[in-house]
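Okay, entry_19.tsv now, which holds TSV, C-alpha atoms:
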```tsv
chain	number	residue	atom	x	y	z
Y	26	MET	CA	2.08	-13.41	-7.24
Y	27	ASP	CA	2.48	-11.47	-10.44
Y	28	ALA	CA	3.82	-7.92	-10.25
Y	29	GLU	CA	4.88	-5.33	-12.78
Y	30	ILE	CA	6.62	-2.01	-12.26
Y	31	GLN	CA	6.81	0.54	-15.06
Y	32	ALA	CA	9.05	3.60	-14.81
Y	33	ILE	CA	9.24	6.35	-17.43
Y	34	GLU	CA	11.43	9.43	-17.28
Y	35	THR	CA	8.85	12.10	-18.05
Y	36	ASP	CA	11.39	14.85	-18.64
Y	37	ARG	CA	13.04	12.86	-21.46
Y	38	ARG	CA	11.01	12.66	-24.67
Y	39	ASP	CA	12.98	9.67	-25.94
Y	40	SER	CA	12.46	7.63	-22.75
Y	41	GLU	CA	11.06	4.20	-23.53
Y	42	GLY	CA	10.84	3.48	-19.84
Y	43	ASN	CA	11.76	0.45	-17.84
Y	44	ARG	CA	9.52	-2.51	-17.14
Y	45	LEU	CA	10.32	-4.90	-14.31
Y	46	VAL	CA	8.27	-8.08	-13.93
Y	47	VAL	CA	7.88	-10.82	-11.33
Y	48	ARG	CA	5.76	-13.75	-12.53
Y	49	ARG	CA	4.26	-16.77	-10.80
Y	50	ALA	CA	6.27	-16.15	-7.63
Y	51	ASP	CA	5.46	-17.44	-4.18
Y	52	ILE	CA	5.49	-14.67	-1.62
Y	53	GLU	CA	7.35	-14.67	1.67
Y	54	LEU	CA	5.94	-12.60	4.52
Y	55	THR	CA	7.97	-11.26	7.43
Y	56	LEU	CA	6.86	-9.08	10.33
Y	57	LYS	CA	9.49	-6.42	10.96
Y	58	GLN	CA	9.80	-3.67	13.54
Y	59	TYR	CA	10.50	-0.07	12.61
Y	60	GLU	CA	13.83	1.05	13.99
Y	61	GLY	CA	13.75	3.64	16.75
Y	62	LEU	CA	10.01	3.47	17.46
Y	63	PRO	CA	9.64	1.95	20.91
Y	64	PHE	CA	6.29	3.64	21.64
Y	65	GLY	CA	2.76	3.20	20.34
Y	66	ASP	CA	0.62	0.20	19.61
Y	67	HIS	CA	1.98	-3.03	18.18
Y	68	LYS	CA	0.50	-2.07	14.79
Y	69	ASP	CA	2.33	1.27	14.83
Y	70	GLN	CA	5.70	-0.33	15.62
Y	71	HIS	CA	5.66	-3.02	12.92
Y	72	TYR	CA	5.20	-3.54	9.20
Y	73	VAL	CA	4.89	-6.59	6.93
Y	74	GLU	CA	7.63	-7.11	4.38
Y	75	ILE	CA	6.56	-9.00	1.26
Y	76	GLN	CA	9.22	-10.62	-0.92
Y	77	ALA	CA	8.83	-12.46	-4.20
Y	78	SER	CA	11.30	-13.48	-6.88
Y	79	SER	CA	11.20	-15.24	-10.21
Y	80	TRP	CA	13.52	-16.21	-13.05
Y	81	GLU	CA	13.03	-15.59	-16.75
Y	82	GLY	CA	15.91	-17.10	-18.62
Y	83	ALA	CA	19.07	-15.86	-16.95
Y	84	THR	CA	17.31	-12.86	-15.38
Y	85	GLN	CA	16.19	-12.94	-11.78
Y	86	SER	CA	13.57	-10.41	-10.74
Y	87	ARG	CA	12.97	-9.69	-7.06
Y	88	LEU	CA	10.24	-7.61	-5.46
Y	89	VAL	CA	10.37	-6.30	-1.90
Y	90	ALA	CA	7.37	-4.35	-0.60
Y	91	GLN	CA	6.57	-3.01	2.83
Y	92	MET	CA	3.00	-2.55	4.06
Y	93	ASN	CA	1.99	-0.83	7.28
Y	94	ALA	CA	-1.17	-1.50	9.28
Y	95	GLY	CA	-3.20	1.03	7.27
Y	96	ASP	CA	-2.14	-0.51	3.95
Y	97	LEU	CA	-3.04	-3.98	5.19
Y	98	GLN	CA	-6.41	-2.84	6.53
Y	99	ARG	CA	-7.35	-1.23	3.18
Y	100	LEU	CA	-6.27	-4.35	1.32
Y	101	PHE	CA	-8.26	-6.61	3.64
Y	102	ASP	CA	-11.37	-4.37	3.55
Y	103	PHE	CA	-11.29	-4.30	-0.24
Y	104	ALA	CA	-10.87	-8.08	-0.52
Y	105	CYS	CA	-13.78	-8.61	1.92
Y	106	ALA	CA	-16.03	-6.14	0.11
Y	107	GLU	CA	-15.32	-7.86	-3.22
Y	108	GLY	CA	-16.01	-11.33	-1.77
Y	109	MET	CA	-12.47	-12.56	-2.31
Y	110	VAL	CA	-11.88	-13.43	1.35
Y	111	ALA	CA	-14.30	-14.21	4.13
Y	112	SER	CA	-14.63	-11.55	6.77
Y	113	PRO	CA	-14.31	-12.85	10.32
Y	114	LEU	CA	-17.22	-10.61	11.25
Y	115	ASP	CA	-20.80	-10.73	10.12
Y	116	LYS	CA	-21.51	-7.80	7.77
Y	117	ARG	CA	-23.94	-6.15	10.21
Y	118	ILE	CA	-21.42	-6.43	13.06
Y	119	ARG	CA	-18.79	-4.85	10.82
Y	120	GLU	CA	-21.17	-1.98	10.01
Y	121	LEU	CA	-21.82	-1.40	13.72
Y	122	VAL	CA	-18.09	-1.41	14.48
Y	123	ASP	CA	-17.51	1.12	11.68
Y	124	GLU	CA	-20.32	3.33	13.05
Y	125	LEU	CA	-18.75	3.14	16.51
Y	126	HIS	CA	-15.35	4.17	15.11
Y	127	GLU	CA	-16.97	7.12	13.29
Y	128	ALA	CA	-18.85	8.21	16.41
Y	129	LEU	CA	-15.69	8.04	18.52
Y	130	SER	CA	-13.71	9.99	15.92
Y	131	ALA	CA	-16.42	12.66	15.75
Y	132	HIS	CA	-16.47	12.88	19.55
Y	133	LYS	CA	-12.67	13.27	19.71
Y	134	SER	CA	-12.62	15.96	17.01
Y	135	SER	CA	-15.38	17.97	18.71
Y	136	ARG	CA	-13.25	18.41	21.85
```

As structure tokens, what does this structure read like?
Amino acid sequence: MDAEIQAIETDRRDSEGNRLVVRRADIELTLKQYEGLPFGDHKDQHYVEIQASSWEGATQSRLVAQMNAGDLQRLFDFACAEGMVASPLDKRIRELVDELHEALSAHKSSR
């Protein structure tokens, strides 16, 4: 994984900003549970924590990111649409499932 974070103080004209970089790092994935949320679906109670770290000279950079079910779904859908990962469902089946979700959402909102 390669990651870069840029931060600039917009209310300071002389701000050169900060740039933090993680390069060529292996990622570690951990499933964690939100504290104090005993109700809801499994996906609503948990998140994936992504950690990566790298060294450049004597500087160690470490990235920790948390992604919920919605974040992961958008990432997966994008990767499938771009042909980067294989979808477990045939494209037509996926379209039908999406149509079903839309129809159910429309039915719920019309109540």

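Considering all atoms listed in the file, the residue among Y:Gly65, Y:Ala111, Y:Arg38, Y:Glu53 positioned nearest to Arg87 in chain Y is Y:Glu53.
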
query: Out of Y:Ser134, Y:Pro113, Y:Gly82, Y:Ile30, which residue has the shortest atom-to-atom distance to Phe101 in chain Y when counting all atoms listed in the file?
result: Y:Pro113

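Between CA of Ala128 in chain Y and CA of His67 in chain Y lies a distance of 23.7 Å.
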
- prompt: Got a sec: who's within 9 Å of Glu41 in chain Y, counting all atoms listed in the file, leaving out chain neighbours fewer than 5 positions off, as an NGL selection string?
  reply: :Y and (32-34)

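The gap separating CA of Val89 in chain Y from CA of Met26 in chain Y is 12.2 Å, in Å to one decimal.
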
field: Near-range 69-72 of chain Y list (12 Å; only C-alpha atoms; drop same-chain fewer than 3 positions) as a PyMOL selection string
entry: chain Y and resi 54-66+75+90-98

With C-alpha atoms kept, could you save the residues just selected as a compact mmCIF listing (two decimals), in the coordinates of the input?
```
# COMPACT_ATOMS: atom_id res chain seq x y z
CA LEU Y 54 5.94 -12.60 4.52
CA THR Y 55 7.97 -11.26 7.43
CA LEU Y 56 6.86 -9.08 10.33
CA LYS Y 57 9.49 -6.42 10.96
CA GLN Y 58 9.80 -3.67 13.54
CA TYR Y 59 10.50 -0.07 12.61
CA GLU Y 60 13.83 1.05 13.99
CA GLY Y 61 13.75 3.64 16.75
CA LEU Y 62 10.01 3.47 17.46
CA PRO Y 63 9.64 1.95 20.91
CA PHE Y 64 6.29 3.64 21.64
CA GLY Y 65 2.76 3.20 20.34
CA ASP Y 66 0.62 0.20 19.61
CA ILE Y 75 6.56 -9.00 1.26
CA ALA Y 90 7.37 -4.35 -0.60
CA GLN Y 91 6.57 -3.01 2.83
CA MET Y 92 3.00 -2.55 4.06
CA ASN Y 93 1.99 -0.83 7.28
CA ALA Y 94 -1.17 -1.50 9.28
CA GLY Y 95 -3.20 1.03 7.27
CA ASP Y 96 -2.14 -0.51 3.95
CA LEU Y 97 -3.04 -3.98 5.19
CA GLN Y 98 -6.41 -2.84 6.53
```

- request: Using only C-alpha atoms, find the one residue out of Y:Asp27, Y:Glu127, Y:Glu81, Y:Glu120 that sits nearest to Arg49 in chain Y.
  value: Y:Asp27

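For the pair CA of Phe103 in chain Y and CA of Ile52 in chain Y, the interatomic distance is 19.8 Å.
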
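Nearest to Val46 in chain Y of all the residues Y:Ser86, Y:Trp80, Y:Val73, Y:Met109 is Y:Ser86, based on all atoms listed in the file.
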
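The list of residues with at least one atom within 10 Å of range 116-119 of chain Y, based on all atoms listed in the file and without residues fewer than 6 positions apart in the same chain, reads Cys105, Ala106 and Leu125 of chain Y.
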